[in-house]
Amino acid sequence: QVQLVESGGGLVQAGGSLRLSCAASGSTFSSYAMGWFRQAPGKEREFVATITQTGAGTRYADSVKGRFTISRDNAKKTVYLQMSSLKSEDTAVYYCAAGPTVAIMNLWGQGTQVTVSS
């Protein structure tokens with residue numbers, strides 16, 4: 001099973017961009033579907049984006065569609081979340097997740113904080 005470590009979070013002004021990375025350990029990264037989720041203060045964790053094992057299939061929450069892009073590099077065992085046109089409502093802890101399918105995410109990273117100032 002893989003272990004996941006997120007990086008790339010930080011403080012950014014509204015309208016700016018950030019790229020999150022999630023590095024996985026283990027030799028079976030390419031067999032996992034991957035996803036990004038987020039949790040804002042006082043709110044439940046919510047879906048942001050998922051990507052299939054080959055990267056051919058992606059899906060996004062309506063709130064980020066057109067602004068965020070999920071991608072993966074199986075050779076580097078890393079999944080990315082490119083975030084653009086950031087809004088204050090994107091402020092949250094962002095979590096990387098892995099699972100056997102995009103509908104089943106059962107492995108989680110520790111999270112990385114993204115704060116968007118208006």
# chains A, B, ... in the order shown; residues from 1 in each chain; ligands from 1
>>> select_by_dssp(residues="chain A", states="helix (DSSP H, G or I)", output="PyMOL selection string")
chain A and resi 29-31+88-90
>>> write_last_selection(atoms="N, CA, C and O atoms", output="mmCIF file, in the first residue's frame")
data_model
loop_
_atom_site.group_PDB
_atom_site.id
_atom_site.type_symbol
_atom_site.label_atom_id
_atom_site.label_comp_id
_atom_site.auth_asym_id
_atom_site.auth_seq_id
_atom_site.Cartn_x
_atom_site.Cartn_y
_atom_site.Cartn_z
ATOM 1 N N PHE A 29 2.049 2.548 -7.294
ATOM 2 C CA PHE A 29 1.341 3.820 -7.482
ATOM 3 C C PHE A 29 0.450 3.781 -8.716
ATOM 4 O O PHE A 29 -0.681 4.262 -8.687
ATOM 5 N N SER A 30 0.943 3.240 -9.793
ATOM 6 C CA SER A 30 0.184 3.266 -11.048
ATOM 7 C C SER A 30 -1.082 2.428 -11.001
ATOM 8 O O SER A 30 -1.928 2.532 -11.897
ATOM 9 N N SER A 31 -1.242 1.616 -9.984
ATOM 10 C CA SER A 31 -2.460 0.814 -9.865
ATOM 11 C C SER A 31 -3.558 1.526 -9.089
ATOM 12 O O SER A 31 -4.670 1.002 -8.968
ATOM 13 N N SER A 88 -11.130 33.180 -2.290
ATOM 14 C CA SER A 88 -11.058 33.021 -0.832
ATOM 15 C C SER A 88 -11.766 31.746 -0.386
ATOM 16 O O SER A 88 -11.351 31.106 0.582
ATOM 17 N N GLU A 89 -12.809 31.360 -1.109
ATOM 18 C CA GLU A 89 -13.534 30.147 -0.734
ATOM 19 C C GLU A 89 -12.780 28.866 -1.048
ATOM 20 O O GLU A 89 -13.232 27.776 -0.703
ATOM 21 N N ASP A 90 -11.616 28.974 -1.687
ATOM 22 C CA ASP A 90 -10.769 27.808 -1.902
ATOM 23 C C ASP A 90 -9.882 27.536 -0.690
ATOM 24 O O ASP A 90 -9.174 26.531 -0.652
#
>>> residues_around(residues="segment 83-85 of chain A", least_positions_apart="5", cutoff="10 Å", atoms="only C-alpha atoms", output="short mmCIF file (atom, residue, chain, number, x, y, z; two decimals) with N, CA and C atoms, in the first residue's frame")
data_model
loop_
_atom_site.label_atom_id
_atom_site.label_comp_id
_atom_site.auth_asym_id
_atom_site.auth_seq_id
_atom_site.Cartn_x
_atom_site.Cartn_y
_atom_site.Cartn_z
N GLN A 13 -2.58 35.28 -2.87
CA GLN A 13 -3.64 36.27 -3.04
C GLN A 13 -4.71 35.75 -3.98
N ALA A 14 -5.90 36.26 -3.80
CA ALA A 14 -7.00 35.91 -4.71
C ALA A 14 -6.60 36.22 -6.14
N GLY A 15 -6.93 35.29 -7.03
CA GLY A 15 -6.54 35.42 -8.42
C GLY A 15 -5.23 34.76 -8.76
N GLY A 16 -4.50 34.36 -7.73
CA GLY A 16 -3.21 33.73 -7.94
C GLY A 16 -3.30 32.24 -8.21
N SER A 17 -2.13 31.62 -8.26
CA SER A 17 -2.05 30.19 -8.58
C SER A 17 -1.14 29.46 -7.59
N LEU A 18 -1.40 28.20 -7.44
CA LEU A 18 -0.56 27.29 -6.66
C LEU A 18 -0.60 25.93 -7.32
N ARG A 19 0.48 25.17 -7.15
CA ARG A 19 0.47 23.78 -7.59
C ARG A 19 0.78 22.89 -6.39
N LEU A 20 -0.17 22.02 -6.09
CA LEU A 20 0.03 21.04 -5.04
C LEU A 20 0.61 19.76 -5.64
N VAL A 64 -14.68 24.01 -8.93
CA VAL A 64 -13.29 24.21 -9.36
C VAL A 64 -13.11 23.98 -10.86
N GLY A 66 -12.61 24.25 -14.58
CA GLY A 66 -12.09 25.35 -15.38
C GLY A 66 -10.99 26.14 -14.70
N ARG A 67 -10.81 25.92 -13.41
CA ARG A 67 -9.76 26.62 -12.67
C ARG A 67 -8.67 25.68 -12.16
N PHE A 68 -9.03 24.46 -11.84
CA PHE A 68 -8.09 23.47 -11.30
C PHE A 68 -7.86 22.37 -12.34
N THR A 69 -6.64 21.83 -12.33
CA THR A 69 -6.31 20.71 -13.20
C THR A 69 -5.56 19.65 -12.41
N ILE A 70 -6.07 18.44 -12.44
CA ILE A 70 -5.39 17.31 -11.81
C ILE A 70 -4.60 16.56 -12.87
N ASP A 90 -11.62 28.97 -1.69
CA ASP A 90 -10.77 27.81 -1.90
C ASP A 90 -9.88 27.54 -0.69
#
>>> residues_around(residues="segment 32-47 of chain A", least_positions_apart="6", cutoff="7 Å", atoms="only C-alpha atoms", output="ChimeraX atom specification")
/A:53,61,91-102
>>> closest_residue(among="A:Thr50, A:Ser25, A:Asn106, A:Thr115", to="Tyr80 of chain A", atoms="only C-alpha atoms")
A:Thr50
>>> closest_residue(among="A:Thr78, A:Ser63, A:Thr112, A:Ser118", to="Gln3 of chain A", atoms="only C-alpha atoms")
A:Thr78
>>> atom_distance(atom1="atom CA of Thr52 of chain A", atom2="atom CA of Gly10 of chain A")
26.7 Å
>>> atom_distance(atom1="atom CA of Asp62 of chain A", atom2="atom CA of Ala24 of chain A")
26.9 Å
>>> atom_distance(atom1="atom CA of Asp73 of chain A", atom2="atom CA of Arg59 of chain A")
17.0 Å
>>> select_by_dssp(residues="segment 5-99 of chain A", states="strand (DSSP E or B)", output="PDB file with N, CA, C and O atoms, in the first residue's frame")
ATOM      1  N   VAL A   5       2.274  11.916   0.669  1.00  0.00           N
ATOM      2  CA  VAL A   5       2.774  13.132   1.310  1.00  0.00           C
ATOM      3  C   VAL A   5       2.514  14.318   0.386  1.00  0.00           C
ATOM      4  O   VAL A   5       3.072  14.391  -0.713  1.00  0.00           O
ATOM      5  N   GLU A   6       1.680  15.239   0.878  1.00  0.00           N
ATOM      6  CA  GLU A   6       1.349  16.434   0.098  1.00  0.00           C
ATOM      7  C   GLU A   6       2.355  17.545   0.353  1.00  0.00           C
ATOM      8  O   GLU A   6       2.951  17.634   1.435  1.00  0.00           O
ATOM      9  N   SER A   7       2.506  18.422  -0.617  1.00  0.00           N
ATOM     10  CA  SER A   7       3.336  19.617  -0.478  1.00  0.00           C
ATOM     11  C   SER A   7       2.830  20.676  -1.452  1.00  0.00           C
ATOM     12  O   SER A   7       2.017  20.384  -2.334  1.00  0.00           O
ATOM     13  N   GLY A  10       0.220  26.896   0.794  1.00  0.00           N
ATOM     14  CA  GLY A  10       0.758  28.155   1.267  1.00  0.00           C
ATOM     15  C   GLY A  10      -0.276  29.260   1.206  1.00  0.00           C
ATOM     16  O   GLY A  10      -1.473  29.004   1.054  1.00  0.00           O
ATOM     17  N   LEU A  11       0.219  30.475   1.325  1.00  0.00           N
ATOM     18  CA  LEU A  11      -0.630  31.671   1.292  1.00  0.00           C
ATOM     19  C   LEU A  11      -0.502  32.319  -0.077  1.00  0.00           C
ATOM     20  O   LEU A  11       0.613  32.552  -0.563  1.00  0.00           O
ATOM     21  N   VAL A  12      -1.634  32.616  -0.680  1.00  0.00           N
ATOM     22  CA  VAL A  12      -1.637  33.235  -2.006  1.00  0.00           C
ATOM     23  C   VAL A  12      -2.768  34.251  -2.075  1.00  0.00           C
ATOM     24  O   VAL A  12      -3.792  34.086  -1.401  1.00  0.00           O
ATOM     25  N   GLN A  13      -2.581  35.275  -2.869  1.00  0.00           N
ATOM     26  CA  GLN A  13      -3.636  36.268  -3.045  1.00  0.00           C
ATOM     27  C   GLN A  13      -4.712  35.751  -3.984  1.00  0.00           C
ATOM     28  O   GLN A  13      -4.444  34.913  -4.866  1.00  0.00           O
ATOM     29  N   LEU A  18      -1.399  28.198  -7.435  1.00  0.00           N
ATOM     30  CA  LEU A  18      -0.557  27.290  -6.655  1.00  0.00           C
ATOM     31  C   LEU A  18      -0.604  25.932  -7.321  1.00  0.00           C
ATOM     32  O   LEU A  18      -1.605  25.569  -7.937  1.00  0.00           O
ATOM     33  N   ARG A  19       0.481  25.169  -7.151  1.00  0.00           N
ATOM     34  CA  ARG A  19       0.468  23.775  -7.585  1.00  0.00           C
ATOM     35  C   ARG A  19       0.776  22.889  -6.387  1.00  0.00           C
ATOM     36  O   ARG A  19       1.829  22.997  -5.766  1.00  0.00           O
ATOM     37  N   LEU A  20      -0.170  22.024  -6.090  1.00  0.00           N
ATOM     38  CA  LEU A  20       0.026  21.036  -5.040  1.00  0.00           C
ATOM     39  C   LEU A  20       0.609  19.760  -5.644  1.00  0.00           C
ATOM     40  O   LEU A  20       0.282  19.402  -6.776  1.00  0.00           O
ATOM     41  N   SER A  21       1.452  19.106  -4.861  1.00  0.00           N
ATOM     42  CA  SER A  21       2.013  17.819  -5.259  1.00  0.00           C
ATOM     43  C   SER A  21       1.719  16.792  -4.181  1.00  0.00           C
ATOM     44  O   SER A  21       1.620  17.126  -2.997  1.00  0.00           O
ATOM     45  N   CYS A  22       1.592  15.564  -4.598  1.00  0.00           N
ATOM     46  CA  CYS A  22       1.396  14.457  -3.665  1.00  0.00           C
ATOM     47  C   CYS A  22       2.321  13.335  -4.102  1.00  0.00           C
ATOM     48  O   CYS A  22       2.105  12.729  -5.171  1.00  0.00           O
ATOM     49  N   ALA A  23       3.339  13.098  -3.306  1.00  0.00           N
ATOM     50  CA  ALA A  23       4.311  12.057  -3.618  1.00  0.00           C
ATOM     51  C   ALA A  23       3.933  10.775  -2.900  1.00  0.00           C
ATOM     52  O   ALA A  23       3.599  10.785  -1.708  1.00  0.00           O
ATOM     53  N   ALA A  24       3.991   9.683  -3.628  1.00  0.00           N
ATOM     54  CA  ALA A  24       3.613   8.389  -3.072  1.00  0.00           C
ATOM     55  C   ALA A  24       4.826   7.484  -2.930  1.00  0.00           C
ATOM     56  O   ALA A  24       5.728   7.503  -3.772  1.00  0.00           O
ATOM     57  N   ALA A  33      -6.161   4.742  -8.439  1.00  0.00           N
ATOM     58  CA  ALA A  33      -6.795   5.997  -8.803  1.00  0.00           C
ATOM     59  C   ALA A  33      -6.443   7.007  -7.717  1.00  0.00           C
ATOM     60  O   ALA A  33      -6.244   6.642  -6.556  1.00  0.00           O
ATOM     61  N   MET A  34      -6.360   8.273  -8.113  1.00  0.00           N
ATOM     62  CA  MET A  34      -5.940   9.303  -7.166  1.00  0.00           C
ATOM     63  C   MET A  34      -6.958  10.436  -7.130  1.00  0.00           C
ATOM     64  O   MET A  34      -7.709  10.659  -8.095  1.00  0.00           O
ATOM     65  N   GLY A  35      -6.930  11.161  -6.031  1.00  0.00           N
ATOM     66  CA  GLY A  35      -7.869  12.264  -5.918  1.00  0.00           C
ATOM     67  C   GLY A  35      -7.366  13.344  -4.979  1.00  0.00           C
ATOM     68  O   GLY A  35      -6.425  13.140  -4.211  1.00  0.00           O
ATOM     69  N   TRP A  36      -7.988  14.476  -5.091  1.00  0.00           N
ATOM     70  CA  TRP A  36      -7.784  15.585  -4.170  1.00  0.00           C
ATOM     71  C   TRP A  36      -9.125  15.944  -3.539  1.00  0.00           C
ATOM     72  O   TRP A  36     -10.143  16.014  -4.229  1.00  0.00           O
ATOM     73  N   PHE A  37      -9.064  16.174  -2.237  1.00  0.00           N
ATOM     74  CA  PHE A  37     -10.225  16.593  -1.470  1.00  0.00           C
ATOM     75  C   PHE A  37      -9.799  17.777  -0.603  1.00  0.00           C
ATOM     76  O   PHE A  37      -8.603  18.038  -0.455  1.00  0.00           O
ATOM     77  N   ARG A  38     -10.766  18.482  -0.062  1.00  0.00           N
ATOM     78  CA  ARG A  38     -10.412  19.600   0.800  1.00  0.00           C
ATOM     79  C   ARG A  38     -11.414  19.750   1.937  1.00  0.00           C
ATOM     80  O   ARG A  38     -12.557  19.310   1.830  1.00  0.00           O
ATOM     81  N   GLN A  39     -10.938  20.367   3.007  1.00  0.00           N
ATOM     82  CA  GLN A  39     -11.808  20.608   4.155  1.00  0.00           C
ATOM     83  C   GLN A  39     -11.545  22.013   4.674  1.00  0.00           C
ATOM     84  O   GLN A  39     -10.431  22.324   5.112  1.00  0.00           O
ATOM     85  N   GLU A  46     -14.684  17.721   1.305  1.00  0.00           N
ATOM     86  CA  GLU A  46     -15.402  17.650   0.039  1.00  0.00           C
ATOM     87  C   GLU A  46     -14.482  17.262  -1.103  1.00  0.00           C
ATOM     88  O   GLU A  46     -13.276  17.507  -1.079  1.00  0.00           O
ATOM     89  N   PHE A  47     -15.089  16.665  -2.078  1.00  0.00           N
ATOM     90  CA  PHE A  47     -14.400  16.234  -3.295  1.00  0.00           C
ATOM     91  C   PHE A  47     -13.930  17.439  -4.103  1.00  0.00           C
ATOM     92  O   PHE A  47     -14.652  18.433  -4.242  1.00  0.00           O
ATOM     93  N   VAL A  48     -12.731  17.354  -4.646  1.00  0.00           N
ATOM     94  CA  VAL A  48     -12.208  18.389  -5.535  1.00  0.00           C
ATOM     95  C   VAL A  48     -11.992  17.826  -6.940  1.00  0.00           C
ATOM     96  O   VAL A  48     -12.509  18.351  -7.916  1.00  0.00           O
ATOM     97  N   ALA A  49     -11.209  16.753  -7.040  1.00  0.00           N
ATOM     98  CA  ALA A  49     -10.902  16.183  -8.356  1.00  0.00           C
ATOM     99  C   ALA A  49     -10.394  14.758  -8.199  1.00  0.00           C
ATOM    100  O   ALA A  49      -9.817  14.412  -7.163  1.00  0.00           O
ATOM    101  N   THR A  50     -10.609  13.941  -9.229  1.00  0.00           N
ATOM    102  CA  THR A  50     -10.047  12.597  -9.267  1.00  0.00           C
ATOM    103  C   THR A  50      -9.447  12.334 -10.637  1.00  0.00           C
ATOM    104  O   THR A  50      -9.789  13.002 -11.625  1.00  0.00           O
ATOM    105  N   ILE A  51      -8.559  11.338 -10.672  1.00  0.00           N
ATOM    106  CA  ILE A  51      -7.914  10.944 -11.913  1.00  0.00           C
ATOM    107  C   ILE A  51      -7.737   9.435 -11.901  1.00  0.00           C
ATOM    108  O   ILE A  51      -7.399   8.846 -10.872  1.00  0.00           O
ATOM    109  N   THR A  58     -10.544  12.176 -15.897  1.00  0.00           N
ATOM    110  CA  THR A  58     -10.523  13.118 -14.785  1.00  0.00           C
ATOM    111  C   THR A  58     -11.939  13.610 -14.517  1.00  0.00           C
ATOM    112  O   THR A  58     -12.802  13.608 -15.409  1.00  0.00           O
ATOM    113  N   ARG A  59     -12.137  14.030 -13.284  1.00  0.00           N
ATOM    114  CA  ARG A  59     -13.452  14.567 -12.898  1.00  0.00           C
ATOM    115  C   ARG A  59     -13.220  15.663 -11.885  1.00  0.00           C
ATOM    116  O   ARG A  59     -12.290  15.568 -11.068  1.00  0.00           O
ATOM    117  N   TYR A  60     -14.069  16.696 -11.934  1.00  0.00           N
ATOM    118  CA  TYR A  60     -13.887  17.850 -11.067  1.00  0.00           C
ATOM    119  C   TYR A  60     -15.198  18.244 -10.392  1.00  0.00           C
ATOM    120  O   TYR A  60     -16.290  18.077 -10.958  1.00  0.00           O
ATOM    121  N   PHE A  68      -9.031  24.456 -11.841  1.00  0.00           N
ATOM    122  CA  PHE A  68      -8.089  23.471 -11.304  1.00  0.00           C
ATOM    123  C   PHE A  68      -7.861  22.370 -12.340  1.00  0.00           C
ATOM    124  O   PHE A  68      -8.759  22.015 -13.094  1.00  0.00           O
ATOM    125  N   THR A  69      -6.641  21.830 -12.326  1.00  0.00           N
ATOM    126  CA  THR A  69      -6.306  20.709 -13.199  1.00  0.00           C
ATOM    127  C   THR A  69      -5.559  19.649 -12.407  1.00  0.00           C
ATOM    128  O   THR A  69      -4.538  19.953 -11.778  1.00  0.00           O
ATOM    129  N   ILE A  70      -6.071  18.436 -12.441  1.00  0.00           N
ATOM    130  CA  ILE A  70      -5.392  17.311 -11.810  1.00  0.00           C
ATOM    131  C   ILE A  70      -4.601  16.555 -12.870  1.00  0.00           C
ATOM    132  O   ILE A  70      -5.054  16.400 -14.009  1.00  0.00           O
ATOM    133  N   SER A  71      -3.407  16.113 -12.496  1.00  0.00           N
ATOM    134  CA  SER A  71      -2.577  15.328 -13.411  1.00  0.00           C
ATOM    135  C   SER A  71      -1.719  14.387 -12.583  1.00  0.00           C
ATOM    136  O   SER A  71      -1.634  14.521 -11.361  1.00  0.00           O
ATOM    137  N   ARG A  72      -1.096  13.445 -13.256  1.00  0.00           N
ATOM    138  CA  ARG A  72      -0.231  12.514 -12.549  1.00  0.00           C
ATOM    139  C   ARG A  72       0.951  12.132 -13.421  1.00  0.00           C
ATOM    140  O   ARG A  72       0.862  12.151 -14.656  1.00  0.00           O
ATOM    141  N   ASP A  73       2.017  11.765 -12.752  1.00  0.00           N
ATOM    142  CA  ASP A  73       3.220  11.257 -13.420  1.00  0.00           C
ATOM    143  C   ASP A  73       3.544   9.930 -12.747  1.00  0.00           C
ATOM    144  O   ASP A  73       4.103   9.914 -11.639  1.00  0.00           O
ATOM    145  N   THR A  78       3.758  10.634  -8.540  1.00  0.00           N
ATOM    146  CA  THR A  78       3.274  11.908  -8.028  1.00  0.00           C
ATOM    147  C   THR A  78       1.996  12.315  -8.744  1.00  0.00           C
ATOM    148  O   THR A  78       1.873  12.133  -9.960  1.00  0.00           O
ATOM    149  N   VAL A  79       1.081  12.871  -7.979  1.00  0.00           N
ATOM    150  CA  VAL A  79      -0.127  13.466  -8.533  1.00  0.00           C
ATOM    151  C   VAL A  79      -0.104  14.958  -8.201  1.00  0.00           C
ATOM    152  O   VAL A  79       0.393  15.347  -7.138  1.00  0.00           O
ATOM    153  N   TYR A  80      -0.607  15.755  -9.107  1.00  0.00           N
ATOM    154  CA  TYR A  80      -0.556  17.201  -8.970  1.00  0.00           C
ATOM    155  C   TYR A  80      -1.955  17.797  -8.998  1.00  0.00           C
ATOM    156  O   TYR A  80      -2.884  17.230  -9.581  1.00  0.00           O
ATOM    157  N   LEU A  81      -2.072  18.970  -8.399  1.00  0.00           N
ATOM    158  CA  LEU A  81      -3.285  19.762  -8.538  1.00  0.00           C
ATOM    159  C   LEU A  81      -2.839  21.186  -8.844  1.00  0.00           C
ATOM    160  O   LEU A  81      -2.321  21.883  -7.964  1.00  0.00           O
ATOM    161  N   GLN A  82      -3.002  21.595 -10.090  1.00  0.00           N
ATOM    162  CA  GLN A  82      -2.702  22.963 -10.488  1.00  0.00           C
ATOM    163  C   GLN A  82      -3.940  23.802 -10.236  1.00  0.00           C
ATOM    164  O   GLN A  82      -5.013  23.516 -10.793  1.00  0.00           O
ATOM    165  N   MET A  83      -3.801  24.813  -9.413  1.00  0.00           N
ATOM    166  CA  MET A  83      -4.917  25.662  -9.039  1.00  0.00           C
ATOM    167  C   MET A  83      -4.670  27.078  -9.547  1.00  0.00           C
ATOM    168  O   MET A  83      -3.624  27.664  -9.245  1.00  0.00           O
ATOM    169  N   ALA A  92      -8.609  26.072   2.457  1.00  0.00           N
ATOM    170  CA  ALA A  92      -8.910  24.780   3.072  1.00  0.00           C
ATOM    171  C   ALA A  92      -7.621  24.003   3.262  1.00  0.00           C
ATOM    172  O   ALA A  92      -6.566  24.381   2.738  1.00  0.00           O
ATOM    173  N   VAL A  93      -7.738  22.911   3.998  1.00  0.00           N
ATOM    174  CA  VAL A  93      -6.682  21.908   4.002  1.00  0.00           C
ATOM    175  C   VAL A  93      -6.976  20.959   2.847  1.00  0.00           C
ATOM    176  O   VAL A  93      -8.093  20.440   2.737  1.00  0.00           O
ATOM    177  N   TYR A  94      -5.992  20.761   2.003  1.00  0.00           N
ATOM    178  CA  TYR A  94      -6.149  19.909   0.825  1.00  0.00           C
ATOM    179  C   TYR A  94      -5.488  18.550   1.103  1.00  0.00           C
ATOM    180  O   TYR A  94      -4.325  18.484   1.516  1.00  0.00           O
ATOM    181  N   TYR A  95      -6.257  17.504   0.819  1.00  0.00           N
ATOM    182  CA  TYR A  95      -5.807  16.146   1.071  1.00  0.00           C
ATOM    183  C   TYR A  95      -5.684  15.376  -0.237  1.00  0.00           C
ATOM    184  O   TYR A  95      -6.563  15.440  -1.101  1.00  0.00           O
ATOM    185  N   CYS A  96      -4.617  14.628  -0.337  1.00  0.00           N
ATOM    186  CA  CYS A  96      -4.423  13.687  -1.425  1.00  0.00           C
ATOM    187  C   CYS A  96      -4.984  12.340  -0.990  1.00  0.00           C
ATOM    188  O   CYS A  96      -4.882  11.966   0.190  1.00  0.00           O
ATOM    189  N   ALA A  97      -5.587  11.617  -1.925  1.00  0.00           N
ATOM    190  CA  ALA A  97      -6.166  10.319  -1.599  1.00  0.00           C
ATOM    191  C   ALA A  97      -5.889   9.333  -2.723  1.00  0.00           C
ATOM    192  O   ALA A  97      -5.692   9.725  -3.875  1.00  0.00           O
ATOM    193  N   ALA A  98      -5.905   8.068  -2.357  1.00  0.00           N
ATOM    194  CA  ALA A  98      -5.697   6.996  -3.330  1.00  0.00           C
ATOM    195  C   ALA A  98      -6.678   5.877  -3.064  1.00  0.00           C
ATOM    196  O   ALA A  98      -7.127   5.679  -1.924  1.00  0.00           O
ATOM    197  N   GLY A  99      -7.009   5.143  -4.118  1.00  0.00           N
ATOM    198  CA  GLY A  99      -7.907   4.012  -3.952  1.00  0.00           C
ATOM    199  C   GLY A  99      -7.950   3.146  -5.197  1.00  0.00           C
ATOM    200  O   GLY A  99      -7.379   3.498  -6.221  1.00  0.00           O
TER     201      GLY A  99
END
